[in-house]
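Next comes my_file-v7.txt, a file with compact mmCIF, N, CA and C atoms.
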```txt
# COMPACT_ATOMS: atom_id res chain seq x y z
N MET R 11 0.81 -1.19 0.00
CA MET R 11 0.00 0.00 0.00
C MET R 11 0.86 1.26 0.00
N ILE R 12 1.84 1.28 0.89
CA ILE R 12 2.72 2.45 0.98
C ILE R 12 3.54 2.59 -0.30
N ALA R 13 3.98 1.47 -0.86
CA ALA R 13 4.76 1.52 -2.10
C ALA R 13 3.93 2.11 -3.24
N MET R 14 2.65 1.78 -3.29
CA MET R 14 1.78 2.32 -4.34
C MET R 14 1.61 3.84 -4.18
N ILE R 15 1.44 4.28 -2.94
CA ILE R 15 1.29 5.71 -2.68
C ILE R 15 2.58 6.45 -3.05
N ALA R 16 3.73 5.87 -2.65
CA ALA R 16 5.02 6.50 -2.98
C ALA R 16 5.23 6.56 -4.48
N HIS R 17 4.91 5.48 -5.18
CA HIS R 17 5.07 5.46 -6.64
C HIS R 17 4.19 6.51 -7.31
N HIS R 18 2.96 6.65 -6.82
CA HIS R 18 2.05 7.65 -7.39
C HIS R 18 2.58 9.07 -7.15
N ARG R 19 3.07 9.34 -5.95
CA ARG R 19 3.59 10.68 -5.65
C ARG R 19 4.85 10.98 -6.46
N GLN R 20 5.69 9.96 -6.68
CA GLN R 20 6.90 10.17 -7.47
C GLN R 20 6.57 10.45 -8.93
N SER R 21 5.52 9.86 -9.44
CA SER R 21 5.14 10.11 -10.83
C SER R 21 4.57 11.51 -11.02
N LEU R 22 4.13 12.15 -9.93
CA LEU R 22 3.60 13.51 -10.01
C LEU R 22 4.69 14.56 -10.20
N TYR R 23 5.93 14.20 -9.91
CA TYR R 23 7.03 15.15 -9.98
C TYR R 23 8.04 14.76 -11.06
N PRO R 24 7.73 15.02 -12.31
CA PRO R 24 8.70 14.71 -13.36
C PRO R 24 9.87 15.70 -13.33
N PHE R 25 10.95 15.33 -13.96
CA PHE R 25 12.11 16.21 -14.07
C PHE R 25 11.77 17.26 -15.12
N LYS R 26 11.76 18.50 -14.71
CA LYS R 26 11.36 19.59 -15.61
C LYS R 26 12.57 20.11 -16.38
N SER R 27 12.34 20.57 -17.58
CA SER R 27 13.43 21.05 -18.43
C SER R 27 14.09 22.30 -17.85
N MET R 28 13.42 23.01 -16.94
CA MET R 28 14.04 24.19 -16.34
C MET R 28 15.17 23.80 -15.38
N PHE R 29 15.25 22.51 -14.99
CA PHE R 29 16.32 22.06 -14.11
C PHE R 29 17.64 21.86 -14.85
N PHE R 30 17.60 21.79 -16.17
CA PHE R 30 18.83 21.63 -16.94
C PHE R 30 19.67 22.89 -16.86
N ASP R 31 20.99 22.73 -16.91
CA ASP R 31 21.90 23.88 -16.87
C ASP R 31 21.89 24.65 -18.18
N ASP R 32 21.75 23.93 -19.27
CA ASP R 32 21.82 24.54 -20.58
C ASP R 32 20.41 24.56 -21.20
N LEU R 33 20.10 25.63 -21.88
CA LEU R 33 18.79 25.79 -22.50
C LEU R 33 18.54 24.74 -23.58
N TYR R 34 19.61 24.29 -24.26
CA TYR R 34 19.46 23.36 -25.38
C TYR R 34 19.70 21.91 -24.98
N GLU R 35 19.88 21.66 -23.70
CA GLU R 35 20.07 20.30 -23.22
C GLU R 35 18.75 19.53 -23.32
N ARG R 36 18.84 18.26 -23.62
CA ARG R 36 17.62 17.46 -23.66
C ARG R 36 17.85 16.13 -22.95
N GLU R 37 16.78 15.58 -22.48
CA GLU R 37 16.82 14.35 -21.69
C GLU R 37 17.06 13.14 -22.57
N CYS R 38 18.04 12.32 -22.19
CA CYS R 38 18.32 11.07 -22.92
C CYS R 38 17.82 9.85 -22.16
N GLY R 39 17.79 9.93 -20.83
CA GLY R 39 17.35 8.80 -20.02
C GLY R 39 16.81 9.28 -18.69
N ASN R 40 15.86 8.53 -18.13
CA ASN R 40 15.20 8.92 -16.89
C ASN R 40 14.94 7.65 -16.08
N PHE R 41 15.47 7.58 -14.84
CA PHE R 41 15.36 6.38 -14.02
C PHE R 41 14.99 6.77 -12.59
N VAL R 42 14.04 6.06 -11.99
CA VAL R 42 13.69 6.27 -10.59
C VAL R 42 14.61 5.40 -9.75
N VAL R 43 15.29 6.03 -8.77
CA VAL R 43 16.30 5.35 -7.96
C VAL R 43 16.17 5.79 -6.50
N ASP R 44 16.92 5.11 -5.64
CA ASP R 44 17.18 5.56 -4.27
C ASP R 44 18.68 5.75 -4.16
N MET R 45 19.12 6.89 -3.64
CA MET R 45 20.53 7.10 -3.37
C MET R 45 20.78 6.67 -1.93
N VAL R 46 21.72 5.75 -1.74
CA VAL R 46 22.01 5.20 -0.42
C VAL R 46 23.07 6.07 0.24
N GLU R 47 22.71 6.62 1.39
CA GLU R 47 23.62 7.38 2.22
C GLU R 47 23.62 6.74 3.59
N PRO R 48 24.59 7.06 4.44
CA PRO R 48 24.57 6.48 5.78
C PRO R 48 23.26 6.81 6.52
N LEU R 49 22.62 5.79 7.01
CA LEU R 49 21.39 5.86 7.80
C LEU R 49 20.14 6.26 7.04
N VAL R 50 20.22 6.53 5.74
CA VAL R 50 19.02 6.96 5.02
C VAL R 50 19.14 6.62 3.53
N ASN R 51 18.01 6.27 2.93
CA ASN R 51 17.90 6.15 1.48
C ASN R 51 17.13 7.36 0.98
N VAL R 52 17.68 8.05 0.00
CA VAL R 52 17.05 9.24 -0.54
C VAL R 52 16.39 8.87 -1.86
N PRO R 53 15.04 8.84 -1.90
CA PRO R 53 14.37 8.53 -3.18
C PRO R 53 14.52 9.69 -4.14
N GLY R 54 14.68 9.36 -5.42
CA GLY R 54 14.84 10.41 -6.41
C GLY R 54 14.81 9.88 -7.82
N ARG R 55 15.31 10.69 -8.71
CA ARG R 55 15.29 10.38 -10.13
C ARG R 55 16.65 10.72 -10.72
N ILE R 56 17.22 9.78 -11.50
CA ILE R 56 18.44 10.06 -12.26
C ILE R 56 18.02 10.41 -13.68
N VAL R 57 18.51 11.54 -14.15
CA VAL R 57 18.24 11.97 -15.52
C VAL R 57 19.58 12.16 -16.20
N VAL R 58 19.72 11.56 -17.38
CA VAL R 58 20.95 11.67 -18.16
C VAL R 58 20.65 12.53 -19.38
N SER R 59 21.47 13.56 -19.58
CA SER R 59 21.36 14.39 -20.79
C SER R 59 22.57 14.10 -21.66
N GLU R 60 22.75 14.88 -22.72
CA GLU R 60 23.91 14.65 -23.60
C GLU R 60 25.23 14.94 -22.89
N THR R 61 25.22 15.84 -21.91
CA THR R 61 26.48 16.27 -21.28
C THR R 61 26.54 16.07 -19.78
N LYS R 62 25.40 15.86 -19.13
CA LYS R 62 25.40 15.79 -17.67
C LYS R 62 24.53 14.67 -17.13
N LEU R 63 24.83 14.34 -15.87
CA LEU R 63 24.07 13.37 -15.11
C LEU R 63 23.47 14.12 -13.93
N TYR R 64 22.16 14.01 -13.74
CA TYR R 64 21.45 14.72 -12.68
C TYR R 64 20.81 13.73 -11.72
N PHE R 65 20.86 14.05 -10.42
CA PHE R 65 20.07 13.32 -9.43
C PHE R 65 19.15 14.32 -8.76
N HIS R 66 17.85 14.12 -8.93
CA HIS R 66 16.84 15.01 -8.37
C HIS R 66 16.12 14.28 -7.24
N PRO R 67 16.39 14.65 -5.97
CA PRO R 67 15.71 13.96 -4.87
C PRO R 67 14.24 14.33 -4.81
N PHE R 68 13.40 13.34 -4.48
CA PHE R 68 11.97 13.60 -4.36
C PHE R 68 11.64 14.35 -3.08
N ASN R 69 12.55 14.34 -2.09
CA ASN R 69 12.30 15.03 -0.83
C ASN R 69 12.04 16.51 -1.07
N ASN R 70 12.80 17.12 -1.96
CA ASN R 70 12.66 18.54 -2.28
C ASN R 70 12.34 18.65 -3.75
N ALA R 71 11.13 18.31 -4.10
CA ALA R 71 10.76 18.17 -5.51
C ALA R 71 10.81 19.48 -6.28
N PHE R 72 10.70 20.61 -5.61
CA PHE R 72 10.65 21.87 -6.34
C PHE R 72 11.90 22.72 -6.15
N SER R 73 12.91 22.21 -5.46
CA SER R 73 14.11 23.00 -5.19
C SER R 73 15.20 22.67 -6.19
N ILE R 74 15.62 23.65 -6.94
CA ILE R 74 16.70 23.46 -7.92
C ILE R 74 18.04 23.30 -7.22
N ALA R 75 18.20 23.91 -6.05
CA ALA R 75 19.48 23.87 -5.34
C ALA R 75 19.85 22.48 -4.86
N ASP R 76 18.88 21.60 -4.66
CA ASP R 76 19.15 20.26 -4.13
C ASP R 76 19.46 19.23 -5.20
N ILE R 77 19.43 19.61 -6.45
CA ILE R 77 19.72 18.67 -7.54
C ILE R 77 21.23 18.50 -7.65
N LEU R 78 21.69 17.25 -7.62
CA LEU R 78 23.11 16.96 -7.80
C LEU R 78 23.39 16.85 -9.28
N LYS R 79 24.50 17.46 -9.73
CA LYS R 79 24.84 17.46 -11.16
C LYS R 79 26.29 17.07 -11.33
N TRP R 80 26.54 16.22 -12.33
CA TRP R 80 27.89 15.84 -12.68
C TRP R 80 28.02 15.85 -14.19
N LYS R 81 29.14 16.32 -14.68
CA LYS R 81 29.40 16.21 -16.12
C LYS R 81 29.68 14.75 -16.43
N LEU R 82 29.22 14.29 -17.57
CA LEU R 82 29.46 12.90 -17.95
C LEU R 82 30.95 12.60 -18.10
N GLU R 83 31.73 13.61 -18.46
CA GLU R 83 33.17 13.39 -18.59
C GLU R 83 33.85 13.20 -17.24
N SER R 84 33.19 13.58 -16.13
CA SER R 84 33.78 13.39 -14.81
C SER R 84 33.42 12.03 -14.21
N VAL R 85 32.53 11.28 -14.85
CA VAL R 85 32.21 9.92 -14.39
C VAL R 85 33.34 9.00 -14.82
N THR R 86 34.00 8.38 -13.83
CA THR R 86 35.17 7.56 -14.14
C THR R 86 34.89 6.06 -14.10
N GLN R 87 33.93 5.64 -13.27
CA GLN R 87 33.59 4.21 -13.19
C GLN R 87 32.11 4.05 -12.92
N VAL R 88 31.56 2.98 -13.45
CA VAL R 88 30.17 2.59 -13.18
C VAL R 88 30.20 1.10 -12.91
N ASN R 89 29.88 0.71 -11.67
CA ASN R 89 29.96 -0.69 -11.28
C ASN R 89 28.63 -1.20 -10.74
N LYS R 90 28.29 -2.43 -11.12
CA LYS R 90 27.10 -3.08 -10.58
C LYS R 90 27.42 -3.54 -9.17
N ARG R 91 26.45 -3.40 -8.27
CA ARG R 91 26.62 -3.80 -6.87
C ARG R 91 25.38 -4.55 -6.38
N THR R 92 25.56 -5.30 -5.30
CA THR R 92 24.42 -5.91 -4.64
C THR R 92 23.99 -5.01 -3.49
N TYR R 93 22.72 -5.02 -3.20
CA TYR R 93 22.17 -4.23 -2.11
C TYR R 93 21.13 -5.09 -1.41
N ILE R 94 21.33 -5.35 -0.15
CA ILE R 94 20.48 -6.23 0.66
C ILE R 94 20.27 -7.57 -0.07
N LEU R 95 21.37 -8.15 -0.49
CA LEU R 95 21.43 -9.46 -1.14
C LEU R 95 20.67 -9.53 -2.46
N GLN R 96 20.43 -8.39 -3.08
CA GLN R 96 19.78 -8.36 -4.39
C GLN R 96 20.67 -7.60 -5.36
N ASP R 97 20.65 -8.00 -6.62
CA ASP R 97 21.46 -7.36 -7.65
C ASP R 97 20.74 -6.13 -8.20
N VAL R 98 20.61 -5.11 -7.37
CA VAL R 98 19.88 -3.92 -7.78
C VAL R 98 20.68 -2.63 -7.56
N GLY R 99 21.93 -2.73 -7.14
CA GLY R 99 22.73 -1.55 -6.84
C GLY R 99 23.63 -1.16 -7.99
N LEU R 100 23.91 0.14 -8.08
CA LEU R 100 24.82 0.68 -9.09
C LEU R 100 25.67 1.76 -8.43
N GLU R 101 26.98 1.59 -8.48
CA GLU R 101 27.89 2.55 -7.87
C GLU R 101 28.53 3.38 -8.97
N ILE R 102 28.46 4.68 -8.80
CA ILE R 102 29.00 5.61 -9.78
C ILE R 102 30.12 6.40 -9.13
N PHE R 103 31.30 6.38 -9.76
CA PHE R 103 32.46 7.13 -9.28
C PHE R 103 32.59 8.40 -10.11
N VAL R 104 32.70 9.52 -9.42
CA VAL R 104 32.79 10.82 -10.07
C VAL R 104 34.05 11.52 -9.60
N LYS R 105 34.82 12.02 -10.55
CA LYS R 105 36.04 12.74 -10.20
C LYS R 105 35.74 14.24 -10.21
N ASP R 106 35.79 14.85 -9.02
CA ASP R 106 35.61 16.29 -8.90
C ASP R 106 36.96 16.96 -9.12
N THR R 107 37.04 18.26 -8.87
CA THR R 107 38.28 18.99 -9.13
C THR R 107 39.45 18.44 -8.33
N ASN R 108 39.27 18.17 -7.05
CA ASN R 108 40.38 17.71 -6.22
C ASN R 108 40.15 16.34 -5.60
N SER R 109 39.00 15.77 -5.76
CA SER R 109 38.71 14.51 -5.06
C SER R 109 37.89 13.58 -5.93
N MET R 110 37.77 12.36 -5.43
CA MET R 110 36.98 11.33 -6.10
C MET R 110 35.83 10.99 -5.17
N SER R 111 34.61 11.00 -5.67
CA SER R 111 33.43 10.66 -4.87
C SER R 111 32.74 9.47 -5.50
N ASN R 112 32.10 8.70 -4.66
CA ASN R 112 31.31 7.59 -5.19
C ASN R 112 29.91 7.66 -4.60
N TYR R 113 28.94 7.24 -5.39
CA TYR R 113 27.54 7.28 -5.00
C TYR R 113 26.92 5.92 -5.31
N LEU R 114 26.15 5.41 -4.36
CA LEU R 114 25.47 4.14 -4.55
C LEU R 114 23.99 4.41 -4.79
N PHE R 115 23.50 3.91 -5.90
CA PHE R 115 22.09 4.06 -6.25
C PHE R 115 21.45 2.68 -6.31
N VAL R 116 20.20 2.59 -5.86
CA VAL R 116 19.46 1.34 -5.85
C VAL R 116 18.23 1.52 -6.73
N LEU R 117 18.04 0.58 -7.65
CA LEU R 117 16.87 0.61 -8.52
C LEU R 117 15.89 -0.47 -8.09
N ASP R 118 14.72 -0.49 -8.68
CA ASP R 118 13.67 -1.40 -8.23
C ASP R 118 13.85 -2.83 -8.72
N SER R 119 14.62 -3.04 -9.78
CA SER R 119 14.81 -4.40 -10.29
C SER R 119 16.19 -4.52 -10.94
N GLU R 120 16.61 -5.76 -11.11
CA GLU R 120 17.90 -6.02 -11.77
C GLU R 120 17.85 -5.56 -13.23
N LYS R 121 16.71 -5.71 -13.86
CA LYS R 121 16.56 -5.30 -15.26
C LYS R 121 16.78 -3.79 -15.42
N SER R 122 16.14 -2.99 -14.57
CA SER R 122 16.31 -1.54 -14.67
C SER R 122 17.72 -1.12 -14.28
N ARG R 123 18.35 -1.84 -13.32
CA ARG R 123 19.74 -1.56 -12.97
C ARG R 123 20.66 -1.82 -14.16
N ASN R 124 20.44 -2.92 -14.87
CA ASN R 124 21.25 -3.25 -16.03
C ASN R 124 21.03 -2.24 -17.16
N GLU R 125 19.79 -1.76 -17.32
CA GLU R 125 19.51 -0.75 -18.33
C GLU R 125 20.27 0.55 -18.04
N LEU R 126 20.23 1.00 -16.78
CA LEU R 126 20.95 2.22 -16.40
C LEU R 126 22.46 2.03 -16.55
N HIS R 127 22.96 0.87 -16.16
CA HIS R 127 24.39 0.57 -16.29
C HIS R 127 24.82 0.65 -17.75
N GLN R 128 24.09 -0.01 -18.63
CA GLN R 128 24.43 0.01 -20.05
C GLN R 128 24.28 1.41 -20.64
N PHE R 129 23.26 2.11 -20.20
CA PHE R 129 23.03 3.48 -20.68
C PHE R 129 24.21 4.39 -20.32
N LEU R 130 24.68 4.27 -19.07
CA LEU R 130 25.83 5.09 -18.66
C LEU R 130 27.11 4.66 -19.37
N LEU R 131 27.28 3.37 -19.57
CA LEU R 131 28.46 2.90 -20.31
C LEU R 131 28.47 3.45 -21.73
N ASP R 132 27.31 3.50 -22.36
CA ASP R 132 27.22 4.02 -23.73
C ASP R 132 27.50 5.52 -23.79
N HIS R 133 27.03 6.26 -22.79
CA HIS R 133 27.17 7.71 -22.83
C HIS R 133 28.49 8.21 -22.24
N CYS R 134 29.16 7.41 -21.41
CA CYS R 134 30.42 7.82 -20.79
C CYS R 134 31.57 6.98 -21.33
N LYS R 135 31.43 6.42 -22.50
CA LYS R 135 32.36 5.43 -23.03
C LYS R 135 33.81 5.93 -23.09
N SER R 136 34.02 7.18 -23.45
CA SER R 136 35.38 7.66 -23.71
C SER R 136 36.20 7.89 -22.46
N ASN R 137 35.58 8.05 -21.29
CA ASN R 137 36.35 8.43 -20.12
C ASN R 137 36.25 7.45 -18.96
N LEU R 138 35.68 6.26 -19.16
CA LEU R 138 35.59 5.29 -18.08
C LEU R 138 36.92 4.56 -17.92
N GLU R 139 37.35 4.45 -16.67
CA GLU R 139 38.56 3.70 -16.37
C GLU R 139 38.23 2.22 -16.36
N GLY R 140 39.17 1.43 -16.77
CA GLY R 140 38.97 -0.01 -16.71
C GLY R 140 39.00 -0.49 -15.28
N SER R 141 38.14 -1.44 -14.95
CA SER R 141 38.12 -1.97 -13.59
C SER R 141 38.32 -3.49 -13.61
N SER R 142 39.17 -3.94 -14.52
CA SER R 142 39.46 -5.37 -14.59
C SER R 142 40.26 -5.78 -13.35
N PRO R 143 40.22 -7.06 -12.99
CA PRO R 143 40.96 -7.50 -11.80
C PRO R 143 42.45 -7.19 -11.86
N SER R 144 43.07 -7.33 -13.03
CA SER R 144 44.50 -7.04 -13.13
C SER R 144 44.77 -5.55 -12.95
N ASN R 145 43.89 -4.70 -13.49
CA ASN R 145 44.03 -3.26 -13.33
C ASN R 145 43.85 -2.86 -11.87
N MET R 146 42.88 -3.47 -11.19
CA MET R 146 42.65 -3.16 -9.78
C MET R 146 43.83 -3.64 -8.92
N THR R 147 44.39 -4.80 -9.25
CA THR R 147 45.55 -5.29 -8.51
C THR R 147 46.74 -4.34 -8.67
N LEU R 148 46.94 -3.85 -9.88
CA LEU R 148 48.02 -2.90 -10.13
C LEU R 148 47.82 -1.61 -9.34
N LYS R 149 46.60 -1.12 -9.29
CA LYS R 149 46.31 0.09 -8.51
C LYS R 149 46.55 -0.16 -7.02
N TRP R 150 46.19 -1.35 -6.54
CA TRP R 150 46.39 -1.69 -5.13
C TRP R 150 47.89 -1.77 -4.81
N GLN R 151 48.67 -2.36 -5.72
CA GLN R 151 50.11 -2.48 -5.50
C GLN R 151 50.79 -1.12 -5.48
N ASN R 152 50.27 -0.18 -6.27
CA ASN R 152 50.86 1.16 -6.31
C ASN R 152 50.31 2.09 -5.24
N GLY R 153 49.39 1.61 -4.41
CA GLY R 153 48.86 2.42 -3.30
C GLY R 153 47.79 3.40 -3.71
N VAL R 154 47.25 3.27 -4.92
CA VAL R 154 46.19 4.17 -5.36
C VAL R 154 44.89 3.87 -4.63
N ILE R 155 44.61 2.59 -4.41
CA ILE R 155 43.43 2.17 -3.66
C ILE R 155 43.89 1.28 -2.52
N SER R 156 43.03 1.15 -1.50
CA SER R 156 43.40 0.28 -0.38
C SER R 156 42.42 -0.86 -0.24
```
Write out the structure in this file as structure tokens.
Amino acid sequence: MIAMIAHHRQSLYPFKSMFFDDLYERECGNFVVDMVEPLVNVPGRIVVSETKLYFHPFNNAFSIADILKWKLESVTQVNKRTYILQDVGLEIFVKDTNSMSNYLFVLDSEKSRNELHQFLLDHCKSNLEGSSPSNMTLKWQNGVIS
């Protein structure tokens, strides 16, 4: 019952074109997700345009200031993850000016998670770092990751 009410309320708040940074930007993909943070899941919507990735939380549906934005060229890795023993998580690594941040998003099904994963791989193809086991081992040996 609660899930139906939440789904209905989320459908009432589409991502509006006024939220885009550029006047000529257009939406390429739209996915309903939860962003996992410590102690809380933030329901929202991921919107992919030609140049940027947006996360619009449903908590503040009308506030432009609360929308998280990343350039697609700053996305360095996109990895599938499990969440509560289900294959529905997607971790996105974003390189900011001085730091690297990662965000865990949870989708409603494995199918939609795979669609978003493939969508991001297609749109961020030129700048994704390889995450093969040998590449990760090399990074670990050089102290880049722990």
Find the axis-aligned box for segment 52-57 of chain R, covering all its listed atoms and adding 5 Å on each side, and write its centre and edge lengths in Å to one decimal as lines of an AutoDock Vina configuration file.
```
center_x = 17.0
center_y = 10.1
center_z = -8.1
size_x = 15.2
size_y = 14.1
size_z = 26.2
```
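For the pair atom CA of Val43 of chain R and atom CA of Leu117 of chain R, the separation is 4.8 Å.
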Skipping near chain neighbours, those fewer than 2 positions away, what residues fall within 7 Å of Asp97 of chain R using only N, CA and C atoms, listed as a compact mmCIF listing (two decimals) with N, CA and C atoms, in the coordinates of the input?
```
# COMPACT_ATOMS: atom_id res chain seq x y z
N ARG R 91 26.45 -3.40 -8.27
CA ARG R 91 26.62 -3.80 -6.87
C ARG R 91 25.38 -4.55 -6.38
N THR R 92 25.56 -5.30 -5.30
CA THR R 92 24.42 -5.91 -4.64
C THR R 92 23.99 -5.01 -3.49
N TYR R 93 22.72 -5.02 -3.20
CA TYR R 93 22.17 -4.23 -2.11
C TYR R 93 21.13 -5.09 -1.41
N ILE R 94 21.33 -5.35 -0.15
CA ILE R 94 20.48 -6.23 0.66
C ILE R 94 20.27 -7.57 -0.07
N LEU R 95 21.37 -8.15 -0.49
CA LEU R 95 21.43 -9.46 -1.14
C LEU R 95 20.67 -9.53 -2.46
N GLY R 99 21.93 -2.73 -7.14
CA GLY R 99 22.73 -1.55 -6.84
C GLY R 99 23.63 -1.16 -7.99
N SER R 119 14.62 -3.04 -9.78
CA SER R 119 14.81 -4.40 -10.29
C SER R 119 16.19 -4.52 -10.94
N GLU R 120 16.61 -5.76 -11.11
CA GLU R 120 17.90 -6.02 -11.77
C GLU R 120 17.85 -5.56 -13.23
N LYS R 121 16.71 -5.71 -13.86
CA LYS R 121 16.56 -5.30 -15.26
C LYS R 121 16.78 -3.79 -15.42
N ARG R 123 18.35 -1.84 -13.32
CA ARG R 123 19.74 -1.56 -12.97
C ARG R 123 20.66 -1.82 -14.16
```
Item to complete: Using only C-alpha atoms, find the one residue out of R:Ser109, R:Met45, R:Leu130, R:Gln96 that sits nearest to Leu63 of chain R.
Response: R:Leu130
Practice prompt. For the point (17.3, 8.1, -3.4) in the file's frame, write as a count of residues only all residues with an atom no more than 8 Å away, counting only C-alpha atoms.
Written response: 13
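In this structure, atom CA of Val58 of chain R sits 29.3 Å away from atom CA of Val154 of chain R.
Secondary structure by DSSP on the backbone puts the following residues of segment 18-128 of chain R in helix (DSSP H, G or I): His18, Arg19, Gln20, Ser21, Ser27, Met28, Phe29, Leu82, Glu83, Ser84, Glu120, Lys121, Ser122, Arg123, Asn124, Glu125, Leu126, His127 and Gln128 of chain R.
Taking atom CA of Asn89 of chain R as the reference point, atom CA of Ile102 of chain R is found at 6.5 Å.
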Worksheet entry | Protein and nucleic acid residues near (30.9, 5.6, -7.6) (cut-off 6 Å, only C-alpha atoms) as a list of chain:residue names | R:Glu101, R:Ile102, R:Phe103, R:Asn112, R:Tyr113
Worksheet entry | Residue neighbourhood Phe65 of chain R, 7 Å, only N, CA and C atoms, exclusion window fewer than 4 positions, as a list of chain:residue names | R:Gly54, R:Arg55, R:Ile56, R:Val57, R:Asp76, R:Ile77, R:Leu78, R:Lys79, R:Trp80
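If you measure from each of R:Lys81, R:Lys105, R:His66, R:Lys90 to Asn124 of chain R using all atoms listed in the file, the closest one turns out to be R:Lys90.
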